[in-house]
$ cat structure-v5.tsv   # TSV, C-alpha atoms
chain	number	residue	atom	x	y	z
L	1	MET	CA	0.00	0.00	0.00
L	2	LYS	CA	1.27	3.47	-0.86
L	3	ASN	CA	2.04	5.87	1.94
L	4	ILE	CA	0.66	9.41	1.98
L	5	ASP	CA	3.63	10.91	0.15
L	6	GLU	CA	3.28	8.42	-2.69
L	7	ILE	CA	-0.38	9.18	-3.33
L	8	GLY	CA	-0.62	11.43	-6.35
L	9	ARG	CA	3.01	11.00	-7.36
L	10	PRO	CA	3.62	12.36	-10.88
L	11	ARG	CA	2.71	9.70	-13.43
L	12	LEU	CA	5.31	9.01	-16.13
L	13	LEU	CA	5.11	7.39	-19.56
L	14	LEU	CA	8.48	6.39	-21.08
L	15	ALA	CA	9.19	6.03	-24.80
L	16	ASP	CA	12.41	4.59	-26.23
L	17	ASP	CA	13.09	1.77	-28.67
L	18	HIS	CA	16.05	0.45	-26.67
L	19	THR	CA	15.18	-1.90	-23.81
L	20	ILE	CA	18.42	-1.12	-21.99
L	21	VAL	CA	17.51	2.59	-21.91
L	22	ILE	CA	14.00	1.88	-20.58
L	23	ASP	CA	15.46	-0.36	-17.87
L	24	GLY	CA	17.93	2.34	-16.86
L	25	LEU	CA	15.23	5.01	-16.74
L	26	ARG	CA	13.03	2.74	-14.64
L	27	ARG	CA	15.79	2.36	-12.03
L	28	LEU	CA	16.54	6.08	-12.11
L	29	LEU	CA	13.00	7.44	-11.90
L	30	GLU	CA	10.82	4.94	-10.03
L	31	PRO	CA	11.99	6.09	-6.58
L	32	GLU	CA	10.39	9.52	-7.24
L	33	PHE	CA	7.71	8.95	-9.85
L	34	GLU	CA	4.96	6.50	-10.73
L	35	LEU	CA	5.83	4.71	-13.96
L	36	ILE	CA	2.53	3.92	-15.70
L	37	GLY	CA	3.80	2.57	-19.01
L	38	THR	CA	6.59	2.11	-21.53
L	39	VAL	CA	6.42	2.10	-25.33
L	40	SER	CA	8.97	1.53	-28.08
L	41	ASP	CA	7.63	3.52	-31.05
L	42	GLY	CA	6.01	6.87	-31.75
L	43	GLU	CA	2.59	5.60	-32.76
L	44	ALA	CA	2.32	3.57	-29.56
L	45	LEU	CA	3.36	6.68	-27.64
L	46	VAL	CA	0.46	8.72	-29.00
L	47	LYS	CA	-2.07	5.95	-28.36
L	48	SER	CA	-0.78	5.23	-24.83
L	49	ALA	CA	-0.63	8.90	-23.89
L	50	VAL	CA	-4.25	9.43	-24.94
L	51	ARG	CA	-5.35	6.33	-23.03
L	52	LEU	CA	-3.23	6.65	-19.87
L	53	LYS	CA	-3.16	10.47	-19.54
L	54	PRO	CA	0.30	10.72	-17.92
L	55	ASP	CA	1.49	13.88	-16.20
L	56	VAL	CA	4.89	13.67	-17.92
L	57	ILE	CA	6.16	11.89	-21.02
L	58	VAL	CA	9.88	11.16	-21.38
L	59	THR	CA	10.64	10.26	-24.99
L	60	ASP	CA	13.49	9.91	-27.45
L	61	VAL	CA	13.53	11.94	-30.66
L	62	SER	CA	14.36	9.06	-33.00
L	63	MET	CA	11.89	6.14	-32.81
L	64	PRO	CA	10.30	3.66	-35.22
L	65	LEU	CA	7.03	4.37	-37.08
L	66	LEU	CA	6.77	7.97	-35.86
L	67	ASP	CA	9.51	10.23	-34.52
L	68	GLY	CA	9.16	11.78	-31.07
L	69	ILE	CA	8.75	15.34	-32.31
L	70	GLU	CA	5.86	14.46	-34.63
L	71	ALA	CA	4.33	12.42	-31.81
L	72	ALA	CA	4.55	15.51	-29.58
L	73	ARG	CA	2.79	17.61	-32.24
L	74	ARG	CA	-0.03	15.09	-32.51
L	75	LEU	CA	-0.46	14.98	-28.75
L	76	ARG	CA	-0.61	18.77	-28.52
L	77	ASN	CA	-3.14	18.89	-31.36
L	78	SER	CA	-5.23	16.28	-29.54
L	79	GLY	CA	-5.38	18.49	-26.45
L	80	SER	CA	-3.06	16.41	-24.27
L	81	CYS	CA	-1.91	18.27	-21.14
L	82	ALA	CA	1.07	15.98	-20.50
L	83	LYS	CA	4.44	17.66	-20.12
L	84	ILE	CA	6.85	16.29	-22.73
L	85	ILE	CA	10.58	15.92	-22.11
L	86	PHE	CA	12.92	14.73	-24.82
L	87	LEU	CA	15.79	12.52	-23.69
L	88	THR	CA	18.12	12.14	-26.62
L	89	MET	CA	21.65	11.83	-27.89
L	90	TYR	CA	21.05	14.61	-30.44
L	91	SER	CA	22.81	17.80	-29.37
L	92	ASP	CA	21.88	19.60	-32.61
L	93	VAL	CA	20.44	23.02	-31.72
L	94	GLN	CA	17.94	22.94	-34.58
L	95	VAL	CA	16.53	19.60	-33.43
L	96	ALA	CA	16.17	20.96	-29.88
L	97	THR	CA	14.47	24.10	-31.18
L	98	GLU	CA	12.05	22.01	-33.23
L	99	ALA	CA	11.26	19.96	-30.13
L	100	LEU	CA	10.36	23.11	-28.20
L	101	ARG	CA	8.26	24.33	-31.11
L	102	ALA	CA	6.36	21.05	-30.94
L	103	GLY	CA	5.45	21.85	-27.35
L	104	ALA	CA	8.18	20.16	-25.32
L	105	SER	CA	8.90	21.34	-21.78
L	106	GLY	CA	12.40	19.89	-21.71
L	107	TYR	CA	15.29	18.70	-23.83
L	108	VAL	CA	17.84	16.56	-21.99
L	109	LEU	CA	20.95	14.99	-23.50
L	110	LYS	CA	21.32	11.32	-22.60
L	111	HIS	CA	24.85	11.65	-21.30
L	112	SER	CA	23.56	13.92	-18.51
L	113	ALA	CA	20.36	12.02	-17.70
L	114	THR	CA	21.58	10.70	-14.35
L	115	ASP	CA	22.39	14.22	-13.17
L	116	VAL	CA	19.54	16.32	-14.55
L	117	LEU	CA	16.57	14.26	-15.81
L	118	SER	CA	14.74	14.20	-12.48
L	119	HIS	CA	15.29	17.94	-12.10
L	120	ALA	CA	13.99	18.54	-15.63
L	121	ILE	CA	10.80	16.62	-14.82
L	122	TRP	CA	10.16	18.69	-11.69
L	123	GLU	CA	10.83	21.89	-13.63
L	124	ALA	CA	8.28	20.82	-16.25
L	125	LEU	CA	5.71	20.11	-13.55
L	126	LYS	CA	6.25	23.65	-12.26
L	127	GLY	CA	5.52	25.00	-15.75
L	128	ARG	CA	9.12	25.77	-16.66
L	129	LEU	CA	11.35	24.86	-19.57
L	130	PHE	CA	14.60	22.94	-19.16
L	131	VAL	CA	17.36	22.48	-21.72
L	132	SER	CA	20.66	20.71	-21.01
L	133	PRO	CA	23.31	23.30	-20.08
L	134	ARG	CA	25.60	22.18	-22.91
L	135	ILE	CA	23.24	23.60	-25.55
L	136	SER	CA	20.86	25.85	-23.61
L	137	GLU	CA	22.30	29.24	-24.66
L	138	ASN	CA	22.45	28.29	-28.34
L	139	VAL	CA	18.91	26.93	-28.21
L	140	ARG	CA	17.67	30.10	-26.55
L	141	SER	CA	19.31	32.25	-29.25
L	142	ASN	CA	17.83	30.06	-31.97
L	143	VAL	CA	14.34	30.25	-30.48
L	144	MET	CA	14.63	34.03	-30.19
L	145	ALA	CA	15.70	34.36	-33.82
L	146	SER	CA	12.93	32.10	-35.10
L	147	SER	CA	10.25	33.79	-33.00
L	148	ARG	CA	10.65	37.33	-34.32
L	149	ARG	CA	7.67	38.55	-36.32
L	150	ARG	CA	8.33	38.74	-40.06
L	151	ASP	CA	6.96	42.25	-40.36
L	152	GLY	CA	9.25	43.49	-37.56
L	153	LEU	CA	6.52	45.68	-36.08
L	154	ALA	CA	6.52	46.36	-32.36
L	155	VAL	CA	3.63	44.78	-30.47
L	156	HIS	CA	2.14	46.33	-27.36
L	157	LEU	CA	0.61	44.02	-24.77
L	158	THR	CA	-1.30	45.34	-21.79
L	159	SER	CA	-0.09	44.44	-18.30
L	160	ARG	CA	-2.96	41.95	-17.96
L	161	GLU	CA	-2.14	40.37	-21.31
L	162	ARG	CA	1.49	39.98	-20.22
L	163	GLU	CA	0.33	38.28	-17.02
L	164	VAL	CA	-1.81	35.87	-18.99
L	165	LEU	CA	0.96	35.25	-21.52
L	166	HIS	CA	3.46	34.54	-18.73
L	167	MET	CA	1.17	31.98	-17.09
L	168	VAL	CA	0.17	30.32	-20.38
L	169	ALA	CA	3.83	30.02	-21.42
L	170	GLU	CA	4.72	28.45	-18.07
L	171	GLY	CA	2.11	25.75	-18.53
L	172	GLY	CA	-0.88	27.22	-16.71
L	173	THR	CA	-4.31	25.91	-17.68
L	174	ILE	CA	-7.25	28.24	-18.26
L	175	ARG	CA	-8.69	27.24	-14.89
L	176	MET	CA	-5.39	27.79	-13.04
L	177	ILE	CA	-4.96	31.25	-14.60
L	178	SER	CA	-8.56	32.14	-13.87
L	179	ASP	CA	-8.17	31.22	-10.19
L	180	HIS	CA	-4.80	32.94	-9.83
L	181	LEU	CA	-5.88	36.23	-11.44
L	182	ASP	CA	-9.41	36.09	-9.99
L	183	ILE	CA	-11.05	36.50	-13.39
L	184	THR	CA	-13.46	34.27	-15.29
L	185	ALA	CA	-12.28	31.49	-17.58
L	186	ARG	CA	-14.00	33.27	-20.47
L	187	THR	CA	-11.95	36.41	-19.75
L	188	VAL	CA	-8.74	34.36	-19.77
L	189	GLU	CA	-9.74	32.87	-23.14
L	190	PHE	CA	-10.48	36.38	-24.44
L	191	HIS	CA	-7.03	37.65	-23.38
L	192	LYS	CA	-5.29	34.60	-24.82
L	193	THR	CA	-7.07	34.98	-28.16
L	194	ASN	CA	-6.34	38.72	-28.24
L	195	ILE	CA	-2.64	38.08	-27.52
L	196	MET	CA	-2.43	35.55	-30.34
L	197	ASP	CA	-4.16	37.94	-32.74
L	198	LYS	CA	-1.78	40.77	-31.83
L	199	LEU	CA	1.29	38.58	-32.23
L	200	GLY	CA	0.11	36.72	-35.30
L	201	LEU	CA	0.48	33.37	-33.52
L	202	ARG	CA	-1.70	30.28	-33.64
L	203	THR	CA	-0.75	27.83	-30.88
L	204	THR	CA	0.26	27.72	-27.22
L	205	ALA	CA	3.68	26.47	-28.33
L	206	ASP	CA	4.04	29.64	-30.44
L	207	LEU	CA	3.16	31.74	-27.38
L	208	THR	CA	5.85	29.94	-25.37
L	209	GLN	CA	8.45	30.68	-28.05
L	210	TYR	CA	7.46	34.34	-28.04
L	211	ALA	CA	7.63	34.49	-24.23
L	212	ILE	CA	11.16	33.07	-24.33
L	213	SER	CA	12.33	35.42	-27.07
L	214	SER	CA	10.86	38.40	-25.20
L	215	GLN	CA	12.47	37.21	-21.94
L	216	ILE	CA	9.04	37.00	-20.30
L	217	ILE	CA	10.03	33.50	-19.20
L	218	ALA	CA	13.46	31.87	-19.20
L	219	ILE	CA	14.82	28.51	-20.29
L	220	ARG	CA	16.12	26.80	-17.18
L	221	HIS	CA	19.41	24.93	-17.11
L	222	THR	CA	21.80	24.89	-14.14
L	223	ASP	CA	19.59	26.75	-11.67
L	224	PHE	CA	18.71	23.78	-9.43
L	225	GLU	CA	15.96	24.96	-7.14
L	226	ASN	CA	14.34	22.96	-4.37
L	227	LYS	CA	11.72	20.54	-5.58
L	228	PRO	CA	8.15	21.47	-4.73
L	229	SER	CA	6.57	19.64	-1.83
L	230	PRO	CA	4.46	16.56	-2.62
L	231	SER	CA	1.32	18.46	-1.60
L	232	THR	CA	2.12	21.31	-4.03
L	233	ILE	CA	2.74	18.90	-6.90
L	234	ARG	CA	-0.48	17.04	-6.10
L	235	LYS	CA	-2.43	20.31	-6.37
L	236	ILE	CA	-0.82	21.11	-9.74
L	237	ILE	CA	-1.54	17.63	-11.06
L	238	ARG	CA	-5.13	17.56	-9.83
L	239	SER	CA	-5.80	20.95	-11.43
L	240	ARG	CA	-4.29	19.84	-14.76
L	241	ARG	CA	-6.21	16.55	-14.79
L	242	SER	CA	-9.53	18.27	-14.10
L	243	THR	CA	-9.12	20.82	-16.92
$ encode --input "structure-v5.tsv" --output "structure tokens"
Amino acid sequence: MKNIDEIGRPRLLLADDHTIVIDGLRRLLEPEFELIGTVSDGEALVKSAVRLKPDVIVTDVSMPLLDGIEAARRLRNSGSCAKIIFLTMYSDVQVATEALRAGASGYVLKHSATDVLSHAIWEALKGRLFVSPRISENVRSNVMASSRRRDGLAVHLTSREREVLHMVAEGGTIRMISDHLDITARTVEFHKTNIMDKLGLRTTADLTQYAISSQIIAIRHTDFENKPSPSTIRKIIRSRRST
């Protein structure tokens, strides 16, 4: 029987086509997280994520049938609220940037998994982005460059719109933002739509890119903060699952 601290532990789905990697991740992560499933290809990842509704998905980029980045896009388009963290050997900045564009909350290089993967998961659960320190600055610069509007016009956001943008980009749901700002869910939706119209953006992932490029939020790397308490994480998870 689970003790009180284990109830509501973050639920993880792992995706990698190498059994030895899955076994290693299981040993590394099970002490802190609830492992609810493992898959070995991208199509199975999408199906399992829709069925199991994990809090966090840890996936490789390169997988059979469907690559991890395309799987992430499909999950975002399906409305999945799971945080997605890529664990990969690819240190290419463009690949990492594409992963963030697809809606990822983290990009961790496999050689550093033992040291930072757990931290990256907790950062994602707190609505933050994590990129391995080795490539974080280059990724940030690449995201900034790719996020600039083509017409180069300055965009003015009201203070309320900036608040909403900040919370959306850090992973806040409509309900969480509504409660935090003490406004109705419809008002949050109105602000979000208005922001996207002003910026010429279409998706939440696009808003996150803009927030990074405008330094409204930051990509996290070596700033290891204390993990949130189990009760705090449970509240975050319950709110996300009920949205």
$ residues_around --input "structure-v5.tsv" --residues "region 29-41 of chain L" --least-positions-apart "3" --cutoff "8 Å" --atoms "all atoms listed in the file" --output "list in words"
Arg9, Pro10, Arg11, Leu12, Leu13, Leu14, Ala15, Asp16, Asp17, His18, Ile22, Leu25, Arg26, Ala44, Leu45, Ser48, Leu52, Pro54, Met63, Pro64, Leu65, Leu66, Asp67 and Ser118 of chain L
$ atom_distance --input "structure-v5.tsv" --atom1 "CA of Arg140 (chain L)" --atom2 "CA of Leu181 (chain L)"
28.6 Å
$ atom_distance --input "structure-v5.tsv" --atom1 "CA of Val21 (chain L)" --atom2 "CA of Glu170 (chain L)"
29.1 Å
$ closest_residue --input "structure-v5.tsv" --among "L:Gly68, L:Gly42, L:Gly106, L:Gly200" --to "Arg128 (chain L)" --atoms "all atoms listed in the file"
L:Gly106
$ closest_residue --input "structure-v5.tsv" --among "L:Gln94, L:Thr203, L:Thr158, L:Ser105" --to "Val58 (chain L)" --atoms "only C-alpha atoms"
L:Ser105
$ closest_residue --input "structure-v5.tsv" --among "L:Met196, L:Ile69, L:Ala169, L:Ile212" --to "Glu137 (chain L)" --atoms "all atoms listed in the file"
L:Ile212
$ residues_around --input "structure-v5.tsv" --residues "Asn77 (chain L)" --least-positions-apart "4" --cutoff "10 Å" --atoms "only C-alpha atoms" --output "JSON list (two decimals) with C-alpha atoms, keeping the file's coordinate frame"
[["chain", "number", "residue", "atom", "x", "y", "z"],
["L", 71, "ALA", "CA", 4.33, 12.42, -31.81],
["L", 72, "ALA", "CA", 4.55, 15.51, -29.58],
["L", 73, "ARG", "CA", 2.79, 17.61, -32.24],
["L", 102, "ALA", "CA", 6.36, 21.05, -30.94],
["L", 103, "GLY", "CA", 5.45, 21.85, -27.35],
["L", 203, "THR", "CA", -0.75, 27.83, -30.88]]
$ atom_distance --input "structure-v5.tsv" --atom1 "CA of Tyr107 (chain L)" --atom2 "CA of His166 (chain L)"
20.4 Å
$ closest_residue --input "structure-v5.tsv" --among "L:Ser80, L:Thr184, L:Ser132, L:Thr97" --to "Asp115 (chain L)" --atoms "only C-alpha atoms"
L:Ser132
$ closest_residue --input "structure-v5.tsv" --among "L:Val164, L:Ala113, L:Leu201, L:Leu207" --to "Val188 (chain L)" --atoms "all atoms listed in the file"
L:Val164
